[in-house]
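**Student:** Structure: data.cif, mmCIF, C-alpha atoms.
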data_structure
#
loop_
_atom_site.label_atom_id
_atom_site.label_comp_id
_atom_site.auth_asym_id
_atom_site.auth_seq_id
_atom_site.Cartn_x
_atom_site.Cartn_y
_atom_site.Cartn_z
CA MET N 1 -30.72 -4.15 -13.75
CA THR N 2 -27.99 -6.72 -13.15
CA ILE N 3 -25.33 -5.88 -10.55
CA LEU N 4 -22.13 -7.89 -10.33
CA VAL N 5 -20.76 -8.40 -6.82
CA THR N 6 -17.14 -9.47 -6.43
CA GLY N 7 -15.90 -10.94 -3.17
CA ALA N 8 -19.35 -12.40 -2.52
CA ARG N 9 -17.91 -15.16 -0.34
CA GLY N 10 -16.69 -12.62 2.24
CA ARG N 11 -18.79 -11.02 4.94
CA VAL N 12 -19.04 -7.63 3.27
CA GLY N 13 -19.71 -9.03 -0.19
CA ALA N 14 -22.36 -11.42 1.11
CA ALA N 15 -24.04 -8.54 2.96
CA VAL N 16 -24.03 -6.49 -0.25
CA VAL N 17 -25.76 -9.38 -2.03
CA ARG N 18 -28.46 -9.57 0.64
CA GLU N 19 -29.05 -5.81 0.59
CA LEU N 20 -29.37 -5.74 -3.19
CA LEU N 21 -31.82 -8.65 -3.20
CA ALA N 22 -33.90 -6.88 -0.55
CA ALA N 23 -33.99 -3.85 -2.85
CA GLY N 24 -35.34 -6.02 -5.67
CA GLU N 25 -32.21 -6.03 -7.80
CA LYS N 26 -30.87 -8.89 -9.90
CA VAL N 27 -27.53 -10.01 -8.48
CA ARG N 28 -24.69 -11.89 -10.13
CA ALA N 29 -22.09 -13.10 -7.63
CA ALA N 30 -18.54 -13.59 -8.86
CA SER N 31 -15.90 -15.86 -7.40
CA ALA N 32 -12.83 -17.73 -8.59
CA ASP N 33 -14.68 -20.76 -7.19
CA PRO N 34 -18.41 -20.18 -7.70
CA ALA N 35 -19.22 -23.60 -6.21
CA SER N 36 -18.06 -22.18 -2.87
CA LEU N 37 -20.90 -19.64 -2.80
CA THR N 38 -23.23 -22.09 -1.12
CA ALA N 39 -24.40 -19.64 1.55
CA LEU N 40 -25.99 -17.27 -0.96
CA PRO N 41 -29.72 -17.43 -1.78
CA ASP N 42 -30.75 -19.60 -4.72
CA GLU N 43 -31.90 -16.63 -6.83
CA VAL N 44 -28.34 -15.28 -7.02
CA GLU N 45 -26.61 -16.07 -10.31
CA ARG N 46 -23.11 -17.43 -9.76
CA VAL N 47 -20.26 -16.90 -12.21
CA ARG N 48 -16.59 -17.72 -12.26
CA LEU N 49 -14.36 -14.65 -12.21
CA ASP N 50 -10.74 -14.49 -11.14
CA LEU N 51 -9.66 -10.86 -11.35
CA ALA N 52 -6.08 -11.95 -11.89
CA SER N 53 -7.07 -13.93 -15.00
CA PRO N 54 -8.74 -12.83 -18.26
CA GLN N 55 -10.65 -16.09 -18.54
CA GLY N 56 -14.39 -15.71 -18.15
CA LEU N 57 -14.20 -11.93 -17.84
CA HIS N 58 -16.47 -11.01 -20.74
CA GLU N 59 -18.98 -13.72 -19.87
CA ALA N 60 -19.19 -12.51 -16.27
CA LEU N 61 -19.79 -8.92 -17.40
CA HIS N 62 -22.37 -9.63 -20.08
CA GLY N 63 -25.52 -7.64 -19.34
CA VAL N 64 -24.08 -6.07 -16.18
CA GLN N 65 -24.87 -2.41 -15.51
CA LYS N 66 -23.09 -1.89 -12.18
CA ILE N 67 -20.32 -3.56 -10.15
CA PHE N 68 -19.38 -3.80 -6.49
CA LEU N 69 -15.62 -4.26 -6.57
CA TYR N 70 -12.92 -5.29 -4.12
CA ALA N 71 -9.57 -3.55 -4.57
CA GLN N 72 -7.41 -6.16 -6.27
CA PRO N 73 -4.68 -4.48 -8.33
CA ALA N 74 -3.97 -7.56 -10.43
CA GLY N 75 -6.29 -7.32 -13.38
CA ALA N 76 -7.91 -4.01 -12.37
CA ALA N 77 -7.09 -2.33 -15.68
CA ARG N 78 -8.21 -5.37 -17.66
CA LEU N 79 -11.47 -5.48 -15.71
CA THR N 80 -12.29 -1.81 -16.29
CA GLU N 81 -11.51 -2.10 -20.01
CA ALA N 82 -13.83 -5.08 -20.33
CA ALA N 83 -16.47 -3.34 -18.19
CA ALA N 84 -16.40 -0.27 -20.43
CA THR N 85 -16.81 -2.49 -23.50
CA ALA N 86 -19.71 -4.32 -21.82
CA GLY N 87 -21.49 -1.03 -21.11
CA VAL N 88 -21.05 -1.01 -17.33
CA GLY N 89 -22.00 2.46 -16.13
CA HIS N 90 -20.94 2.54 -12.49
CA ILE N 91 -18.44 0.77 -10.24
CA VAL N 92 -18.50 1.08 -6.45
CA LEU N 93 -15.08 0.26 -5.03
CA LEU N 94 -14.51 -0.93 -1.48
CA SER N 95 -11.44 1.15 -0.74
CA SER N 96 -9.59 2.02 2.47
CA LEU N 97 -8.91 5.00 4.70
CA ALA N 98 -5.33 3.73 4.81
CA ILE N 99 -4.88 5.93 1.73
CA GLU N 100 -5.24 8.97 3.99
CA SER N 101 -3.25 7.68 6.96
CA HIS N 102 0.26 8.62 8.04
CA GLY N 103 2.78 6.51 6.12
CA ALA N 104 0.43 5.87 3.20
CA ASP N 105 3.24 6.37 0.68
CA THR N 106 5.04 3.26 1.93
CA SER N 107 2.03 1.21 3.02
CA PRO N 108 1.26 -1.75 0.73
CA ILE N 109 -2.35 -1.61 1.95
CA ALA N 110 -2.73 2.04 0.97
CA GLN N 111 -0.87 1.55 -2.31
CA GLN N 112 -3.10 -1.38 -3.31
CA HIS N 113 -6.28 0.65 -2.87
CA ARG N 114 -4.85 3.83 -4.38
CA LEU N 115 -3.78 1.95 -7.51
CA VAL N 116 -7.29 0.61 -8.10
CA GLU N 117 -8.82 4.03 -7.40
CA ASP N 118 -6.49 5.55 -10.01
CA VAL N 119 -7.45 2.88 -12.55
CA LEU N 120 -11.13 3.61 -12.03
CA ARG N 121 -10.64 7.38 -12.31
CA ALA N 122 -8.96 6.87 -15.67
CA SER N 123 -11.48 4.34 -16.97
CA GLY N 124 -14.26 6.68 -18.07
CA ILE N 125 -16.75 4.62 -16.06
CA GLY N 126 -18.72 6.25 -13.26
CA TRP N 127 -17.27 5.44 -9.85
CA THR N 128 -17.80 5.77 -6.12
CA PHE N 129 -15.10 5.03 -3.56
CA VAL N 130 -16.20 3.69 -0.19
CA ARG N 131 -13.14 4.28 1.97
CA ALA N 132 -13.67 2.20 5.10
CA GLY N 133 -11.73 2.18 8.33
CA GLY N 134 -10.82 -1.00 10.18
CA PHE N 135 -13.40 -3.78 9.98
CA ALA N 136 -15.06 -5.02 13.17
CA THR N 137 -14.56 -8.50 11.73
CA ASN N 138 -10.82 -8.14 12.34
CA ALA N 139 -11.61 -9.17 15.93
CA LEU N 140 -12.36 -12.68 14.66
CA GLN N 141 -8.60 -13.27 14.59
CA TRP N 142 -8.89 -13.54 18.39
CA ALA N 143 -11.67 -16.13 18.32
CA GLU N 144 -9.61 -19.28 18.77
CA ASP N 145 -7.53 -17.89 21.62
CA ILE N 146 -10.62 -16.61 23.43
CA ARG N 147 -12.47 -19.90 22.96
CA GLU N 148 -9.47 -21.83 24.30
CA GLY N 149 -8.97 -19.46 27.25
CA ARG N 150 -5.58 -18.28 26.03
CA PRO N 151 -4.46 -14.67 26.52
CA LEU N 152 -4.33 -12.41 23.49
CA ARG N 153 -0.71 -11.73 22.57
CA LEU N 154 -0.56 -8.05 21.60
CA ALA N 155 2.26 -5.56 21.20
CA TYR N 156 0.04 -2.48 21.39
CA PRO N 157 -3.12 -3.25 23.36
CA GLU N 158 -3.85 0.47 23.71
CA ALA N 159 -3.68 1.10 19.95
CA HIS N 160 -6.93 2.61 18.72
CA SER N 161 -9.09 1.83 15.71
CA GLU N 162 -12.63 2.73 14.68
CA PRO N 163 -14.15 -0.67 13.88
CA ILE N 164 -17.02 -0.60 11.42
CA HIS N 165 -19.74 -3.24 11.17
CA GLU N 166 -19.80 -5.12 7.86
CA SER N 167 -23.53 -4.41 7.57
CA ASP N 168 -22.80 -0.67 7.57
CA ILE N 169 -20.16 -1.07 4.86
CA ALA N 170 -22.56 -3.06 2.73
CA ALA N 171 -25.47 -0.68 3.29
CA VAL N 172 -23.38 2.34 2.24
CA ALA N 173 -22.06 0.48 -0.82
CA VAL N 174 -25.57 -0.51 -1.89
CA ARG N 175 -26.85 3.04 -1.44
CA ALA N 176 -23.95 4.20 -3.64
CA LEU N 177 -24.87 1.60 -6.27
CA LEU N 178 -28.54 2.53 -6.35
CA ASP N 179 -28.42 6.29 -5.75
CA GLU N 180 -26.89 8.37 -8.52
CA ALA N 181 -26.25 11.18 -6.02
CA HIS N 182 -23.10 9.36 -4.86
CA ARG N 183 -21.55 8.94 -8.30
CA GLY N 184 -18.07 10.49 -8.29
CA ALA N 185 -18.01 10.71 -4.49
CA THR N 186 -15.49 9.44 -1.96
CA LEU N 187 -17.44 8.17 1.05
CA ARG N 188 -15.39 7.95 4.25
CA ILE N 189 -16.88 5.53 6.78
CA THR N 190 -15.88 4.29 10.23
CA GLY N 191 -17.59 2.93 13.28
CA PRO N 192 -18.96 5.47 15.77
CA GLN N 193 -16.17 5.10 18.34
CA SER N 194 -12.39 5.01 18.51
CA LEU N 195 -11.59 2.02 20.72
CA SER N 196 -8.35 0.47 21.92
CA ALA N 197 -7.67 -3.17 21.11
CA ARG N 198 -7.95 -3.91 24.84
CA ARG N 199 -11.41 -2.31 25.01
CA GLN N 200 -12.56 -4.24 21.94
CA ALA N 201 -11.37 -7.46 23.56
CA GLU N 202 -13.29 -6.56 26.74
CA LEU N 203 -16.47 -5.99 24.75
CA VAL N 204 -16.06 -9.31 22.96
CA GLY N 205 -15.48 -11.05 26.28
CA ALA N 206 -18.55 -9.45 27.82
CA ALA N 207 -20.72 -10.50 24.89
CA ALA N 208 -19.38 -14.08 24.90
CA GLY N 209 -19.34 -14.48 28.69
CA ARG N 210 -15.58 -15.04 28.66
CA ASP N 211 -12.71 -13.54 30.64
CA VAL N 212 -10.23 -12.16 28.13
CA LEU N 213 -6.64 -11.62 29.21
CA VAL N 214 -3.96 -9.72 27.32
CA ARG N 215 -0.28 -10.64 27.31
CA LEU N 216 2.15 -7.96 26.18
CA ILE N 217 4.71 -9.09 23.59
CA THR N 218 7.37 -7.21 21.65
CA PRO N 219 6.63 -5.58 18.29
CA GLU N 220 9.01 -8.07 16.70
CA GLU N 221 7.13 -11.01 18.19
CA TYR N 222 3.84 -9.53 17.12
CA GLN N 223 5.02 -8.99 13.55
CA LYS N 224 6.18 -12.60 13.36
CA GLN N 225 2.78 -13.68 14.69
CA LEU N 226 1.00 -11.70 11.97
CA THR N 227 3.01 -13.27 9.16
CA ALA N 228 1.01 -16.46 9.69
CA PHE N 229 -1.92 -14.58 8.14
CA VAL N 230 -0.50 -11.83 5.92
CA PRO N 231 2.67 -11.21 3.87
CA GLU N 232 5.70 -9.77 5.67
CA PRO N 233 5.36 -6.21 4.24
CA VAL N 234 1.72 -6.05 5.31
CA ALA N 235 2.58 -7.35 8.78
CA ALA N 236 5.24 -4.67 9.14
CA THR N 237 2.74 -2.03 8.05
CA LEU N 238 0.16 -3.22 10.58
CA VAL N 239 2.71 -3.11 13.41
CA ALA N 240 3.75 0.43 12.43
CA TYR N 241 0.11 1.43 12.15
CA GLN N 242 -0.61 0.22 15.68
CA ALA N 243 2.53 1.88 17.07
CA ALA N 244 1.39 5.23 15.62
CA ARG N 245 -2.03 4.82 17.27
CA ASP N 246 -0.81 3.53 20.62
CA GLY N 247 -2.81 5.35 23.28
CA ARG N 248 -4.13 7.81 20.69
CA PRO N 249 -7.88 7.92 20.01
CA GLN N 250 -8.53 8.58 16.34
CA ARG N 251 -11.00 10.57 14.31
CA THR N 252 -14.27 8.93 13.35
CA TYR N 253 -16.17 9.81 10.18
CA ASP N 254 -19.88 10.48 9.76
CA GLY N 255 -20.21 8.80 6.36
CA VAL N 256 -22.60 6.13 7.61
CA PRO N 257 -25.19 8.48 9.15
CA GLU N 258 -24.81 10.95 6.29
CA VAL N 259 -25.52 8.29 3.65
CA LEU N 260 -27.98 6.08 5.56
CA GLY N 261 -29.73 8.60 7.78
CA ARG N 262 -29.12 6.52 10.91
CA PRO N 263 -26.24 6.02 13.36
CA ALA N 264 -23.50 3.54 12.59
CA PHE N 265 -23.68 0.26 14.49
CA SER N 266 -21.41 0.10 17.53
CA PHE N 267 -18.65 -2.44 18.06
CA ALA N 268 -20.53 -3.64 21.14
CA GLN N 269 -23.48 -4.54 18.91
CA TRP N 270 -21.18 -6.38 16.51
CA ALA N 271 -19.71 -8.30 19.46
CA GLU N 272 -23.17 -9.31 20.65
CA GLU N 273 -24.17 -10.50 17.18
CA ASN N 274 -20.98 -12.56 16.80
CA ALA N 275 -20.61 -13.78 20.38
CA ASP N 276 -20.94 -17.45 19.38
CA ALA N 277 -17.67 -17.26 17.43
CA PHE N 278 -15.85 -16.58 20.71
CA ARG N 279 -17.61 -19.13 22.95
#
Could you quickly redo this structure as structure tokens?
**Tutor:**
Amino acid sequence: MTILVTGARGRVGAAVVRELLAAGEKVRAASADPASLTALPDEVERVRLDLASPQGLHEALHGVQKIFLYAQPAGAARLTEAAATAGVGHIVLLSSLAIESHGADTSPIAQQHRLVEDVLRASGIGWTFVRAGGFATNALQWAEDIREGRPLRLAYPEAHSEPIHESDIAAVAVRALLDEAHRGATLRITGPQSLSARRQAELVGAAAGRDVLVRLITPEEYQKQLTAFVPEPVAATLVAYQAARDGRPQRTYDGVPEVLGRPAFSFAQWAEENADAFR
């Protein structure tokens, strides 16, 4: 069986590739720039696929039975049409719990994932949605400041999230790809704890052997800071999201232990594994 993995250059996609190889599956990794997939094992087939472009679509899907898909609205309908023609039987979508959060109707993050979910539901292809909470890897945005000894500039240091390890996301996605029991299911996954941004920074500092300071800034300053990395509407959504969670621990989901039969990895473990990025 050949499984196509989109987003294979990212941490989650690369982890999905490794898990599938360990399970003995044939993996085809897709990227708009396949030459950039240098970190993947040699046995992984690399193909060019830009989901926003029809070029190379049919070639990339030839012989593919299943797909791990990132939620990119541009080209989602075209991809599912080509996948159905190619005989793809199952698509596992990395979706987001933002769909279920307060303000989802106006959130560009939630709308992006909901649109792709709707496309898959209408496609006639088997699907599984892996709705993940906030990624532990989001903490990497602090790496440069922590390495340089600068304080983290945050508007809502007590805002809570439930950071999930990329290995847990990948492991759940692979189980969904290989186990027919999860076809048609929506799997809700988070890390095991709801932690404030300040507590996450403390755990990173402890793992890296660094003192981490936090400087309070205004929401307006924070939104401007975020626009260096994300579009303005997304930055505004992230600020509103943090404001709504300020000082409010959030629900965690048991999707990881239910699917994998083991506890989800903690953020502290993620921080230990990635401590070098902050040193």
**Student:** For the structure provided, state which residues fall under the PyMOL selection byres ((chain N and resi 121-128) around 9), and present them as a ChimeraX atom specification.
**Tutor:** /N:77,80-81,83-84,87-94,116-120,129-130,173,176-177,182-187
**Student:** Near N:Gln141, counting only C-alpha atoms, which residues have an atom at most 10 Å away, once you skip same-chain residues fewer than 5 positions from it, shown as a list in words?
**Tutor:**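 Skipping anything fewer than 5 positions along the chain leaves Ile146, Leu152 and Phe229 of chain N.
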**Student:** Between N:Glu19, N:Glu202, N:Glu25, N:Asp168, which residue has the minimum interatomic distance to N:Met1, considering all atoms listed in the file?
**Tutor:**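 Checking each candidate against N:Met1, we get N:Glu25 as the closest.
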**Student:** Each residue of stretch 131-194 of chain N with at least one atom at most 12 Å from stretch 61-71 of chain N should appear once, together with its nearest atom pair and the corresponding distance in Å (one decimal); atoms considered: all atoms listed in the file; ordering: chain, then increasing residue number; output as CSV.
**Tutor:**
residue,atom,partner,partner_atom,distance
N:Arg131,CA,N:Ala71,CA,10.8
N:Ala132,CA,N:Tyr70,CA,11.9
N:Ile169,CA,N:Phe68,CA,11.7
N:Ala170,CA,N:Phe68,CA,9.8
N:Ala171,CA,N:Phe68,CA,11.9
N:Val172,CA,N:Phe68,CA,11.4
N:Ala173,CA,N:Phe68,CA,7.6
N:Val174,CA,N:Phe68,CA,8.4
N:Arg175,CA,N:Phe68,CA,11.3
N:Ala176,CA,N:Phe68,CA,9.6
N:Leu177,CA,N:Lys66,CA,7.1
N:Leu178,CA,N:Lys66,CA,9.1
N:Asp179,CA,N:Lys66,CA,11.7
N:Glu180,CA,N:Lys66,CA,11.5
N:Arg183,CA,N:Lys66,CA,11.6
**Student:** Rounded to one decimal place, report the atom CA of N:Gly247-atom CA of N:His102 distance in Å.
**Tutor:**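 Distance reported for this atom pair: 15.9 Å.
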**Student:** Identify, on the basis of all atoms listed in the file, every residue whose closest approach to N:Ile189 does not exceed 7 Å; exclude the query and any residue fewer than 4 positions from it along the same chain; express the result as a list in words.
**Tutor:**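 In the requested form, the answer reads Arg131, Ala132, Gly133, Tyr253, Asp254, Gly255 and Val256 of chain N.
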**Student:** Go ahead and dump the residues you just picked, C-alpha atoms, as an mmCIF file, in the frame of the given file.
**Tutor:**
data_model
loop_
_atom_site.group_PDB
_atom_site.id
_atom_site.type_symbol
_atom_site.label_atom_id
_atom_site.label_comp_id
_atom_site.auth_asym_id
_atom_site.auth_seq_id
_atom_site.Cartn_x
_atom_site.Cartn_y
_atom_site.Cartn_z
ATOM 1 C CA ARG N 131 -13.140 4.280 1.970
ATOM 2 C CA ALA N 132 -13.670 2.200 5.100
ATOM 3 C CA GLY N 133 -11.730 2.180 8.330
ATOM 4 C CA TYR N 253 -16.170 9.810 10.180
ATOM 5 C CA ASP N 254 -19.880 10.480 9.760
ATOM 6 C CA GLY N 255 -20.210 8.800 6.360
ATOM 7 C CA VAL N 256 -22.600 6.130 7.610
#
**Student:** Selected by the PyMOL selection byres ((chain N and resi 235) around 12) in the shown coordinates: which residues, as a list of chain:residue names?
**Tutor:**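 Applied to this file, the PyMOL selection byres ((chain N and resi 235) around 12) selects N:Ser107, N:Pro108, N:Ile109, N:Pro219, N:Glu220, N:Glu221, N:Tyr222, N:Gln223, N:Lys224, N:Gln225, N:Leu226, N:Thr227, N:Ala228, N:Phe229, N:Val230, N:Pro231, N:Glu232, N:Pro233, N:Val234, N:Ala236, N:Thr237, N:Leu238, N:Val239, N:Ala240, N:Tyr241, N:Gln242.
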**Student:** For N:Arg48, list every protein, DNA or RNA residue within 7 Å, evaluated using only C-alpha atoms, and leave out those in the same chain fewer than 6 positions away; present the list as a list in words.
**Tutor:**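 Contacts, with the query itself left out: Ala30, Ser31, Ala32, Asp33, Pro34 and Gly56 of chain N.
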**Student:** Could you check which of N:Thr6, N:Thr38, N:Ser53, N:Ser96 is closest to N:Gly75, using all atoms listed in the file?
**Tutor:** N:Ser53
**Student:** Would you translate the PyMOL selection byres ((chain N and resi 153-164) around 9) into the concrete set of residues it matches in this file, as a VMD selection string?
**Tutor:** chain N and resid 132 to 138 150 to 152 165 to 169 189 to 200 213 to 223 225 239 241 to 252 264 to 267 270
**Student:** Grab the atom CA of N:Asp42 to atom CA of N:Lys26 distance for me, in Å with one decimal place.
**Tutor:**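 Those two atoms sit 11.9 Å apart.
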**Student:** Take atom CA of N:Gln72 and atom CA of N:Gln55 and report the distance between them in Å, one decimal.
**Tutor:**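 Calculated distance between atom CA of N:Gln72 and atom CA of N:Gln55 is 16.1 Å.
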**Student:** Find, counting only C-alpha atoms, the residue in N:Pro257, N:Arg78, N:Ala143, N:Phe278 that gets nearest to N:Ala206.
**Tutor:**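 Closest residue, counting only C-alpha atoms: N:Phe278.
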**Student:** Restrict the output to stretch 43-85 of chain N and C-alpha atoms, then write it as a PDB file, in the first residue's frame.
**Tutor:**
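Output saved as decode11.pdb:
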ATOM      1  CA  GLU N  43      13.433   4.891   0.937  1.00  0.00           C
ATOM      2  CA  VAL N  44      10.774   7.624   0.894  1.00  0.00           C
ATOM      3  CA  GLU N  45       9.577   8.506  -2.599  1.00  0.00           C
ATOM      4  CA  ARG N  46       9.488  12.263  -3.144  1.00  0.00           C
ATOM      5  CA  VAL N  47       7.023  13.970  -5.462  1.00  0.00           C
ATOM      6  CA  ARG N  48       6.197  17.539  -6.329  1.00  0.00           C
ATOM      7  CA  LEU N  49       2.719  18.584  -5.239  1.00  0.00           C
ATOM      8  CA  ASP N  50       1.484  22.111  -4.682  1.00  0.00           C
ATOM      9  CA  LEU N  51      -2.096  21.863  -3.433  1.00  0.00           C
ATOM     10  CA  ALA N  52      -2.830  25.296  -4.847  1.00  0.00           C
ATOM     11  CA  SER N  53      -1.842  24.153  -8.354  1.00  0.00           C
ATOM     12  CA  PRO N  54      -3.227  21.374 -10.576  1.00  0.00           C
ATOM     13  CA  GLN N  55       0.210  20.608 -11.991  1.00  0.00           C
ATOM     14  CA  GLY N  56       1.545  17.214 -10.998  1.00  0.00           C
ATOM     15  CA  LEU N  57      -1.607  16.264  -9.116  1.00  0.00           C
ATOM     16  CA  HIS N  58      -2.470  13.098 -11.018  1.00  0.00           C
ATOM     17  CA  GLU N  59       1.143  11.942 -11.093  1.00  0.00           C
ATOM     18  CA  ALA N  60       1.463  12.388  -7.334  1.00  0.00           C
ATOM     19  CA  LEU N  61      -1.716  10.377  -6.710  1.00  0.00           C
ATOM     20  CA  HIS N  62      -1.002   7.510  -9.085  1.00  0.00           C
ATOM     21  CA  GLY N  63      -1.128   4.237  -7.164  1.00  0.00           C
ATOM     22  CA  VAL N  64      -1.937   5.926  -3.845  1.00  0.00           C
ATOM     23  CA  GLN N  65      -4.466   4.235  -1.568  1.00  0.00           C
ATOM     24  CA  LYS N  66      -4.468   6.622   1.400  1.00  0.00           C
ATOM     25  CA  ILE N  67      -3.482  10.236   2.141  1.00  0.00           C
ATOM     26  CA  PHE N  68      -2.384  12.199   5.187  1.00  0.00           C
ATOM     27  CA  LEU N  69      -3.553  15.729   4.440  1.00  0.00           C
ATOM     28  CA  TYR N  70      -2.935  19.187   5.838  1.00  0.00           C
ATOM     29  CA  ALA N  71      -5.921  21.530   5.760  1.00  0.00           C
ATOM     30  CA  GLN N  72      -5.202  23.838   2.848  1.00  0.00           C
ATOM     31  CA  PRO N  73      -8.452  25.188   1.382  1.00  0.00           C
ATOM     32  CA  ALA N  74      -6.874  26.217  -1.914  1.00  0.00           C
ATOM     33  CA  GLY N  75      -7.170  23.201  -4.151  1.00  0.00           C
ATOM     34  CA  ALA N  76      -8.945  20.971  -1.609  1.00  0.00           C
ATOM     35  CA  ALA N  77     -11.855  20.235  -3.942  1.00  0.00           C
ATOM     36  CA  ARG N  78      -9.521  19.636  -6.886  1.00  0.00           C
ATOM     37  CA  LEU N  79      -7.417  17.276  -4.774  1.00  0.00           C
ATOM     38  CA  THR N  80     -10.382  15.189  -3.608  1.00  0.00           C
ATOM     39  CA  GLU N  81     -11.761  14.935  -7.153  1.00  0.00           C
ATOM     40  CA  ALA N  82      -8.402  13.703  -8.426  1.00  0.00           C
ATOM     41  CA  ALA N  83      -8.054  11.368  -5.430  1.00  0.00           C
ATOM     42  CA  ALA N  84     -11.450   9.808  -6.113  1.00  0.00           C
ATOM     43  CA  THR N  85     -10.482   9.282  -9.763  1.00  0.00           C
TER      44      THR N  85
END
